[in-house]
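Take a look at the structure below.
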Amino acid sequence: MDICTLTDAAKAQIATICKDNNVYAVTLNMKGGGCAGFEYEWGTYDTADKLLDDDQIIYATEKCTFIVGAASMMFLFGTKIDYKKDIMGSMFDIINPNAQSSCGCGVSVNFDMDKLAIPA
């Protein structure tokens, strides 16, 4: 099972972020907080030397890379990431099968910690 998959729209937006901000990679991690218990935390790495030993490269081209932090993998296994634009704006749409519940904001989620595991 993949840690996460990206739609073509998500890959294109990651490439745009890398190009427009002159960064090596876009990162996704989980952190405690938010109204549901955990939040998706987006970030960037300026250069490849910022990559940590346990970071997982999910998608890479010559011009952009998408990385999930090691501590966040168990929360994100099987997740699909899309990028959507509509009349209300644009955003990454995260479809996480491990989320037990989520907040209406789309950024905060909760997990049943007893059911989380990294597949063998």
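Chain labels follow the order of the structure tokens: the first chain is A, the next B, and so on; residue numbering restarts at 1 in every chain, and ligands are counted from 1 in their shown order.
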### 8 Å contact set for A:Ala10, only C-alpha atoms, chain neighbours under 6 positions out, as a ChimeraX atom specification
/A:81-83,92
### Message
Write out as a PyMOL selection string the set of residues from stretch 4-108 of chain A that DSSP, computed on the backbone, places in alpha helix (DSSP H).
### Response
chain A and resi 8-21+73-76
### Message
Counting only C-alpha atoms, which residue out of A:Tyr59, A:Tyr40, A:Phe66, A:Phe77 sits closest to A:Val109?
### Response
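Of A:Tyr59, A:Tyr40, A:Phe66, A:Phe77, the one nearest A:Val109 is A:Tyr40, counting only C-alpha atoms.
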### Backbone-only DSSP, strand (DSSP E) members of chain A, as a PyMOL selection string
chain A and resi 4-6+25-33+37-45+56-60+65-68+79-86+89-95+99-102+108-111
Do you have, as a Markdown table, the list of residues of stretch 52-115 of chain A lying at most 7 Å from stretch 14-33 of chain A, each with its nearest atom pair and that distance in Å to one decimal, counting only C-alpha atoms and ordered by chain then number?
| residue | atom | partner | partner_atom | distance |
| --- | --- | --- | --- | --- |
| A:Lys63 | CA | A:Ala15 | CA | 6.9 |
| A:Cys64 | CA | A:Ala15 | CA | 5.4 |
| A:Thr65 | CA | A:Ala25 | CA | 4.5 |
| A:Phe66 | CA | A:Val26 | CA | 5.0 |
| A:Ile67 | CA | A:Thr27 | CA | 4.7 |
| A:Val68 | CA | A:Leu28 | CA | 5.1 |
| A:Gly69 | CA | A:Asn29 | CA | 5.6 |
| A:Ser72 | CA | A:Asn29 | CA | 5.4 |
